[in-house]
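J.: Sharing a structure here in structure tokens format.
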Amino acid sequence: MMRASVRTTIRKLLALKRPPSCFLATVIMGCLCGSCQEQHTTTTEAPHSDKKTLEQEPWFEEAAQQRGLNFSWQSGHDNDFLLPEIIGGGVAIFDMEGDGDLDLYFVQGGSITGTDNLSGNALYRNDGQGNFEDVSDASGAADTGYGMGVATGDYDQDGDTDLYVTNLGPNVLLNNDGHGQFTDVTAQANV
């Protein structure tokens with residue numbers, strides 16, 4: 001019974017144009033914690049019978065592929081796990097074109113030695129219905145450095161959320177034009 005009301009609440013919150021940030025943080029943490037747990041069974045005792053084992057329904061379902069999210073972080077390690085290779089990339093949740101929908105920017109690892117040709121960072125546009133489109137290459141945001149993290153902010157005070165990508169090596173400042181196009185302005189901003 002409780003799970004049905006939780007699911008209903010989650011569906012209602014997801015239907016909002018801009019879900020509360022505390023809800024998003026809770027969902028992300030739930031997904032992270034839920035992926036580390038195994039399927040649970042609960043033992044309940046019925047009157048005048050043996051103990052029964054009931055399977056619990058999962059609270060979260062893997063739906064990334066169905067929603068258009070096809071990102072897999074790659075460390076690029078060979079034989080040894082160097083410090084940057086054991087630290088996963090980051091993700092930014094922000095509204096890149098001011099439409100009220102939260103878009104996703106995933107930071108990719110790569111190859112420290114430069115021997116592998118791995119994919120770069122990925123930008124996914126939210127269509128407003130919870131489905132995503134990979135616009136990495138078309139947007140100019142597909143930085144290919146060995147990514148360590150990302151920060152969002154409005155560095156030029158034009159009202160659009162810009163991205164600052166921290167890499168193992170040169171960092172990158174990506175200026176957002178407000179329509180989903182990003183330009184590398186690292187040199188001009190002197191960062």
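In the structure tokens, chains take letters A, B, ... by order of appearance, with residues numbered from 1 within each chain and ligands from 1 in the order shown.
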Determine, counting only C-alpha atoms, which protein, DNA and RNA residues have an atom within 8 Å of an atom of Asn176 (chain A); residues of the same chain fewer than 4 positions away are not included. Present the result as a list in words.
T.: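 Residues near the query, excluding close chain neighbours: Met96, Asp160, Thr161, Asp162, Leu163, Gly180, Gln181, Phe182 and Thr183 of chain A.
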J.: Find, counting only C-alpha atoms, the residue in A:Phe106, A:Tyr164, A:Phe71, A:Trp59 that gets nearest to Gly90 (chain A).
T.: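 With only C-alpha atoms as the atom set, the closest residue is A:Phe106.
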J.: Using only C-alpha atoms, which of the listed residues (A:Thr113, A:Arg125, A:Tyr155, A:Leu174) sits closest to Ala142 (chain A)?
T.: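 Between A:Thr113, A:Arg125, A:Tyr155, A:Leu174, the residue approaching Ala142 (chain A) most closely is A:Leu174.
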J.: Residues near Ser72 (chain A), anyone? I mean within 12 Å using only C-alpha atoms, not counting same-chain ones fewer than 2 positions away, as a PDB file with all heavy atoms, in the first residue's frame.
T.:
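The new file selection-v1.pdb reads:
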ATOM      1  N   ALA A  64      17.080   4.005 -17.898  1.00  0.00           N
ATOM      2  CA  ALA A  64      17.948   4.955 -18.595  1.00  0.00           C
ATOM      3  C   ALA A  64      17.903   4.746 -20.108  1.00  0.00           C
ATOM      4  O   ALA A  64      17.734   5.708 -20.868  1.00  0.00           O
ATOM      5  CB  ALA A  64      19.377   4.849 -18.083  1.00  0.00           C
ATOM      6  N   GLN A  65      18.065   3.515 -20.560  1.00  0.00           N
ATOM      7  CA  GLN A  65      18.072   3.233 -21.995  1.00  0.00           C
ATOM      8  C   GLN A  65      16.741   3.624 -22.631  1.00  0.00           C
ATOM      9  O   GLN A  65      16.711   4.211 -23.709  1.00  0.00           O
ATOM     10  CB  GLN A  65      18.350   1.747 -22.255  1.00  0.00           C
ATOM     11  CG  GLN A  65      19.714   1.284 -21.805  1.00  0.00           C
ATOM     12  CD  GLN A  65      20.820   1.800 -22.697  1.00  0.00           C
ATOM     13  OE1 GLN A  65      20.636   1.968 -23.884  1.00  0.00           O
ATOM     14  NE2 GLN A  65      21.967   2.068 -22.120  1.00  0.00           N
ATOM     15  N   LEU A  69      19.051   7.748 -22.327  1.00  0.00           N
ATOM     16  CA  LEU A  69      20.339   7.972 -21.669  1.00  0.00           C
ATOM     17  C   LEU A  69      21.229   6.758 -21.900  1.00  0.00           C
ATOM     18  O   LEU A  69      20.972   5.678 -21.382  1.00  0.00           O
ATOM     19  CB  LEU A  69      20.158   8.205 -20.168  1.00  0.00           C
ATOM     20  CG  LEU A  69      19.376   9.452 -19.796  1.00  0.00           C
ATOM     21  CD1 LEU A  69      19.089   9.475 -18.308  1.00  0.00           C
ATOM     22  CD2 LEU A  69      20.120  10.698 -20.228  1.00  0.00           C
ATOM     23  N   ASN A  70      22.267   6.959 -22.691  1.00  0.00           N
ATOM     24  CA  ASN A  70      23.172   5.865 -23.027  1.00  0.00           C
ATOM     25  C   ASN A  70      24.601   6.319 -22.744  1.00  0.00           C
ATOM     26  O   ASN A  70      25.378   6.572 -23.643  1.00  0.00           O
ATOM     27  CB  ASN A  70      23.006   5.461 -24.492  1.00  0.00           C
ATOM     28  CG  ASN A  70      23.813   4.238 -24.835  1.00  0.00           C
ATOM     29  OD1 ASN A  70      24.178   3.468 -23.959  1.00  0.00           O
ATOM     30  ND2 ASN A  70      24.098   4.063 -26.109  1.00  0.00           N
ATOM     31  N   GLN A  74      34.028   5.545 -18.539  1.00  0.00           N
ATOM     32  CA  GLN A  74      35.157   4.677 -18.850  1.00  0.00           C
ATOM     33  C   GLN A  74      36.402   5.230 -18.172  1.00  0.00           C
ATOM     34  O   GLN A  74      36.756   6.390 -18.374  1.00  0.00           O
ATOM     35  CB  GLN A  74      35.376   4.619 -20.365  1.00  0.00           C
ATOM     36  CG  GLN A  74      34.165   4.112 -21.104  1.00  0.00           C
ATOM     37  CD  GLN A  74      34.237   4.375 -22.598  1.00  0.00           C
ATOM     38  OE1 GLN A  74      35.012   5.196 -23.055  1.00  0.00           O
ATOM     39  NE2 GLN A  74      33.418   3.674 -23.349  1.00  0.00           N
ATOM     40  N   SER A  75      37.060   4.372 -17.396  1.00  0.00           N
ATOM     41  CA  SER A  75      38.260   4.842 -16.703  1.00  0.00           C
ATOM     42  C   SER A  75      39.477   4.821 -17.616  1.00  0.00           C
ATOM     43  O   SER A  75      40.406   5.587 -17.409  1.00  0.00           O
ATOM     44  CB  SER A  75      38.541   3.982 -15.470  1.00  0.00           C
ATOM     45  OG  SER A  75      39.019   2.706 -15.846  1.00  0.00           O
ATOM     46  N   GLY A  76      39.504   3.921 -18.600  1.00  0.00           N
ATOM     47  CA  GLY A  76      40.627   3.846 -19.516  1.00  0.00           C
ATOM     48  C   GLY A  76      41.851   3.164 -18.944  1.00  0.00           C
ATOM     49  O   GLY A  76      42.915   3.198 -19.548  1.00  0.00           O
ATOM     50  N   GLY A  88      35.467   8.504 -10.333  1.00  0.00           N
ATOM     51  CA  GLY A  88      34.508   8.642 -11.423  1.00  0.00           C
ATOM     52  C   GLY A  88      34.308  10.094 -11.827  1.00  0.00           C
ATOM     53  O   GLY A  88      34.641  11.022 -11.090  1.00  0.00           O
ATOM     54  N   GLY A  89      33.766  10.301 -13.010  1.00  0.00           N
ATOM     55  CA  GLY A  89      33.460  11.643 -13.502  1.00  0.00           C
ATOM     56  C   GLY A  89      32.282  12.236 -12.754  1.00  0.00           C
ATOM     57  O   GLY A  89      31.748  11.646 -11.819  1.00  0.00           O
ATOM     58  N   GLY A  90      31.837  13.375 -13.182  1.00  0.00           N
ATOM     59  CA  GLY A  90      30.722  14.046 -12.529  1.00  0.00           C
ATOM     60  C   GLY A  90      29.545  14.195 -13.463  1.00  0.00           C
ATOM     61  O   GLY A  90      29.580  13.784 -14.624  1.00  0.00           O
ATOM     62  N   PHE A 106      27.160  14.694 -18.632  1.00  0.00           N
ATOM     63  CA  PHE A 106      27.984  13.660 -18.009  1.00  0.00           C
ATOM     64  C   PHE A 106      29.448  13.858 -18.384  1.00  0.00           C
ATOM     65  O   PHE A 106      29.766  14.055 -19.555  1.00  0.00           O
ATOM     66  CB  PHE A 106      27.550  12.266 -18.482  1.00  0.00           C
ATOM     67  CG  PHE A 106      26.202  11.848 -17.987  1.00  0.00           C
ATOM     68  CD1 PHE A 106      25.072  12.052 -18.759  1.00  0.00           C
ATOM     69  CD2 PHE A 106      26.056  11.230 -16.749  1.00  0.00           C
ATOM     70  CE1 PHE A 106      23.826  11.663 -18.320  1.00  0.00           C
ATOM     71  CE2 PHE A 106      24.810  10.829 -16.304  1.00  0.00           C
ATOM     72  CZ  PHE A 106      23.690  11.042 -17.085  1.00  0.00           C
ATOM     73  N   VAL A 107      30.324  13.772 -17.390  1.00  0.00           N
ATOM     74  CA  VAL A 107      31.761  13.931 -17.607  1.00  0.00           C
ATOM     75  C   VAL A 107      32.391  12.550 -17.785  1.00  0.00           C
ATOM     76  O   VAL A 107      32.238  11.676 -16.934  1.00  0.00           O
ATOM     77  CB  VAL A 107      32.413  14.669 -16.419  1.00  0.00           C
ATOM     78  CG1 VAL A 107      33.914  14.773 -16.611  1.00  0.00           C
ATOM     79  CG2 VAL A 107      31.799  16.050 -16.275  1.00  0.00           C
ATOM     80  N   GLN A 108      33.098  12.390 -18.900  1.00  0.00           N
ATOM     81  CA  GLN A 108      33.727  11.115 -19.260  1.00  0.00           C
ATOM     82  C   GLN A 108      35.172  11.075 -18.785  1.00  0.00           C
ATOM     83  O   GLN A 108      35.838  12.107 -18.729  1.00  0.00           O
ATOM     84  CB  GLN A 108      33.683  10.932 -20.773  1.00  0.00           C
ATOM     85  CG  GLN A 108      34.194   9.609 -21.293  1.00  0.00           C
ATOM     86  CD  GLN A 108      33.441   8.416 -20.748  1.00  0.00           C
ATOM     87  OE1 GLN A 108      33.787   7.907 -19.692  1.00  0.00           O
ATOM     88  NE2 GLN A 108      32.419   7.992 -21.453  1.00  0.00           N
ATOM     89  N   GLY A 109      35.650   9.886 -18.465  1.00  0.00           N
ATOM     90  CA  GLY A 109      37.063   9.678 -18.126  1.00  0.00           C
ATOM     91  C   GLY A 109      37.876   9.646 -19.402  1.00  0.00           C
ATOM     92  O   GLY A 109      38.007  10.639 -20.097  1.00  0.00           O
ATOM     93  N   GLY A 110      38.358   8.499 -19.766  1.00  0.00           N
ATOM     94  CA  GLY A 110      39.122   8.382 -21.001  1.00  0.00           C
ATOM     95  C   GLY A 110      40.387   7.593 -20.806  1.00  0.00           C
ATOM     96  O   GLY A 110      40.414   6.622 -20.066  1.00  0.00           O
ATOM     97  N   LEU A 118      38.617   7.081 -26.755  1.00  0.00           N
ATOM     98  CA  LEU A 118      37.345   6.917 -26.065  1.00  0.00           C
ATOM     99  C   LEU A 118      36.453   8.126 -26.310  1.00  0.00           C
ATOM    100  O   LEU A 118      36.924   9.201 -26.680  1.00  0.00           O
ATOM    101  CB  LEU A 118      37.581   6.723 -24.571  1.00  0.00           C
ATOM    102  CG  LEU A 118      38.466   5.529 -24.193  1.00  0.00           C
ATOM    103  CD1 LEU A 118      38.720   5.503 -22.706  1.00  0.00           C
ATOM    104  CD2 LEU A 118      37.820   4.227 -24.642  1.00  0.00           C
ATOM    105  N   SER A 119      35.178   7.949 -26.083  1.00  0.00           N
ATOM    106  CA  SER A 119      34.231   9.041 -26.317  1.00  0.00           C
ATOM    107  C   SER A 119      34.417  10.158 -25.300  1.00  0.00           C
ATOM    108  O   SER A 119      34.987   9.968 -24.231  1.00  0.00           O
ATOM    109  CB  SER A 119      32.809   8.495 -26.250  1.00  0.00           C
ATOM    110  OG  SER A 119      32.559   7.939 -24.975  1.00  0.00           O
ATOM    111  N   GLY A 120      33.910  11.336 -25.637  1.00  0.00           N
ATOM    112  CA  GLY A 120      34.022  12.498 -24.762  1.00  0.00           C
ATOM    113  C   GLY A 120      32.830  12.640 -23.843  1.00  0.00           C
ATOM    114  O   GLY A 120      32.020  11.728 -23.677  1.00  0.00           O
ATOM    115  N   ASN A 121      32.703  13.819 -23.249  1.00  0.00           N
ATOM    116  CA  ASN A 121      31.592  14.118 -22.360  1.00  0.00           C
ATOM    117  C   ASN A 121      30.288  14.087 -23.149  1.00  0.00           C
ATOM    118  O   ASN A 121      30.290  14.261 -24.368  1.00  0.00           O
ATOM    119  CB  ASN A 121      31.793  15.480 -21.709  1.00  0.00           C
ATOM    120  CG  ASN A 121      33.063  15.535 -20.889  1.00  0.00           C
ATOM    121  OD1 ASN A 121      33.624  14.513 -20.517  1.00  0.00           O
ATOM    122  ND2 ASN A 121      33.539  16.725 -20.615  1.00  0.00           N
ATOM    123  N   ALA A 122      29.183  13.891 -22.443  1.00  0.00           N
ATOM    124  CA  ALA A 122      27.892  13.751 -23.121  1.00  0.00           C
ATOM    125  C   ALA A 122      26.872  14.737 -22.565  1.00  0.00           C
ATOM    126  O   ALA A 122      26.735  14.887 -21.354  1.00  0.00           O
ATOM    127  CB  ALA A 122      27.371  12.329 -22.970  1.00  0.00           C
TER     128      ALA A 122
END
J.: So the first atom is CA of Asp158 (chain A) and the second is CA of Ala189 (chain A); what is the distance between them in Å, to one decimal place?
T.: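 Taking CA of Asp158 (chain A) and CA of Ala189 (chain A), their separation equals 14.6 Å.
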J.: Figure out the distance between CA of Gly130 (chain A) and CA of Gln157 (chain A), please, to one decimal in Å.
T.: 28.6 Å
J.: Please report the interatomic distance between CA of Ile112 (chain A) and CA of Leu82 (chain A) in Å with one decimal.
T.: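 Calculated distance between CA of Ile112 (chain A) and CA of Leu82 (chain A) is 8.9 Å.
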J.: Go through A:Asn167, A:Ser111, A:Asn175, A:Asn190 and flag the residue nearest Val150 (chain A), using only C-alpha atoms for the distances.
T.: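 Between A:Asn167, A:Ser111, A:Asn175, A:Asn190, the residue approaching Val150 (chain A) most closely is A:Asn167.
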J.: Could you list, as a PDB file with N, CA and C atoms, in the first residue's frame, every residue within 10 Å of Asp127 (chain A), counting only C-alpha atoms and ignoring same-chain residues fewer than 4 positions away?
T.:
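Just written: out_10.pdb:
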ATOM      1  N   ASP A  99      14.105  26.372 -20.924  1.00  0.00           N
ATOM      2  CA  ASP A  99      12.734  25.905 -21.158  1.00  0.00           C
ATOM      3  C   ASP A  99      12.099  25.303 -19.910  1.00  0.00           C
ATOM      4  N   ASP A 101      13.118  22.626 -18.337  1.00  0.00           N
ATOM      5  CA  ASP A 101      13.407  21.195 -18.235  1.00  0.00           C
ATOM      6  C   ASP A 101      14.869  20.998 -17.857  1.00  0.00           C
ATOM      7  N   LEU A 102      15.130  20.080 -16.938  1.00  0.00           N
ATOM      8  CA  LEU A 102      16.491  19.843 -16.489  1.00  0.00           C
ATOM      9  C   LEU A 102      17.203  18.899 -17.444  1.00  0.00           C
ATOM     10  N   ASP A 103      18.311  19.373 -18.000  1.00  0.00           N
ATOM     11  CA  ASP A 103      19.135  18.618 -18.936  1.00  0.00           C
ATOM     12  C   ASP A 103      20.318  18.034 -18.170  1.00  0.00           C
ATOM     13  N   ASN A 131      12.230  12.219 -21.373  1.00  0.00           N
ATOM     14  CA  ASN A 131      13.047  11.509 -22.356  1.00  0.00           C
ATOM     15  C   ASN A 131      14.189  12.425 -22.768  1.00  0.00           C
ATOM     16  N   PHE A 132      15.314  11.826 -23.171  1.00  0.00           N
ATOM     17  CA  PHE A 132      16.511  12.600 -23.443  1.00  0.00           C
ATOM     18  C   PHE A 132      17.064  12.298 -24.823  1.00  0.00           C
ATOM     19  N   GLU A 133      17.685  13.325 -25.417  1.00  0.00           N
ATOM     20  CA  GLU A 133      18.331  13.201 -26.727  1.00  0.00           C
ATOM     21  C   GLU A 133      19.793  13.584 -26.570  1.00  0.00           C
TER      22      GLU A 133
END
J.: Pick the closest to Leu123 (chain A) from A:Ile87, A:Ala63, A:Val135, A:Ala151: which is it, counting only C-alpha atoms?
T.: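 So, comparing all the options, the nearest one is A:Val135.
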J.: Excluding Gly169 (chain A) and residues on its chain fewer than 2 positions from it, collect all residues at most 8 Å away from it, counting only C-alpha atoms, and give them as a PyMOL selection string.
T.: chain A and resi 145-146+167+171
J.: Selected residues, all heavy atoms, written as a PDB file, in the first residue's frame, please.
T.:
ATOM      1  N   GLY A 145      38.726  15.838 -23.006  1.00  0.00           N
ATOM      2  CA  GLY A 145      39.785  15.697 -22.016  1.00  0.00           C
ATOM      3  C   GLY A 145      39.435  14.601 -21.027  1.00  0.00           C
ATOM      4  O   GLY A 145      38.302  14.118 -20.986  1.00  0.00           O
ATOM      5  N   TYR A 146      40.407  14.184 -20.210  1.00  0.00           N
ATOM      6  CA  TYR A 146      40.125  13.191 -19.178  1.00  0.00           C
ATOM      7  C   TYR A 146      39.387  13.916 -18.061  1.00  0.00           C
ATOM      8  O   TYR A 146      39.976  14.557 -17.203  1.00  0.00           O
ATOM      9  CB  TYR A 146      41.415  12.547 -18.660  1.00  0.00           C
ATOM     10  CG  TYR A 146      41.141  11.317 -17.821  1.00  0.00           C
ATOM     11  CD1 TYR A 146      41.248  10.055 -18.375  1.00  0.00           C
ATOM     12  CD2 TYR A 146      40.736  11.423 -16.499  1.00  0.00           C
ATOM     13  CE1 TYR A 146      40.972   8.917 -17.631  1.00  0.00           C
ATOM     14  CE2 TYR A 146      40.449  10.306 -15.745  1.00  0.00           C
ATOM     15  CZ  TYR A 146      40.567   9.052 -16.312  1.00  0.00           C
ATOM     16  OH  TYR A 146      40.283   7.936 -15.577  1.00  0.00           O
ATOM     17  N   ASN A 167      39.427  18.850 -15.874  1.00  0.00           N
ATOM     18  CA  ASN A 167      40.066  17.708 -16.526  1.00  0.00           C
ATOM     19  C   ASN A 167      41.408  17.414 -15.881  1.00  0.00           C
ATOM     20  O   ASN A 167      41.999  18.275 -15.223  1.00  0.00           O
ATOM     21  CB  ASN A 167      40.312  18.010 -18.014  1.00  0.00           C
ATOM     22  CG  ASN A 167      39.045  18.063 -18.814  1.00  0.00           C
ATOM     23  OD1 ASN A 167      38.176  17.223 -18.678  1.00  0.00           O
ATOM     24  ND2 ASN A 167      38.930  19.060 -19.680  1.00  0.00           N
ATOM     25  N   ASN A 171      41.628  22.496 -18.067  1.00  0.00           N
ATOM     26  CA  ASN A 171      40.190  22.593 -17.827  1.00  0.00           C
ATOM     27  C   ASN A 171      39.542  23.348 -18.986  1.00  0.00           C
ATOM     28  O   ASN A 171      40.235  24.007 -19.765  1.00  0.00           O
ATOM     29  CB  ASN A 171      39.916  23.305 -16.506  1.00  0.00           C
ATOM     30  CG  ASN A 171      40.505  22.557 -15.334  1.00  0.00           C
ATOM     31  OD1 ASN A 171      40.590  21.333 -15.344  1.00  0.00           O
ATOM     32  ND2 ASN A 171      40.917  23.285 -14.319  1.00  0.00           N
TER      33      ASN A 171
END
J.: Write out as a PyMOL selection string all residues of region 92-190 of chain A that DSSP puts in helix (DSSP H, G or I) for this structure's backbone.
T.: chain A and resi 136-139+186-189
J.: Which is closer to Gly159 (chain A) than all the others in A:Asp184, A:Asp177, A:Asp78, A:Asp137, using only C-alpha atoms?
T.: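 Once distances to Gly159 (chain A) are computed over only C-alpha atoms, the minimum belongs to A:Asp177.
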J.: Which one of A:Glu62, A:Gln129, A:Ala138, A:Gly149 sits closest to Tyr105 (chain A) if you count only C-alpha atoms?
T.: A:Gly149
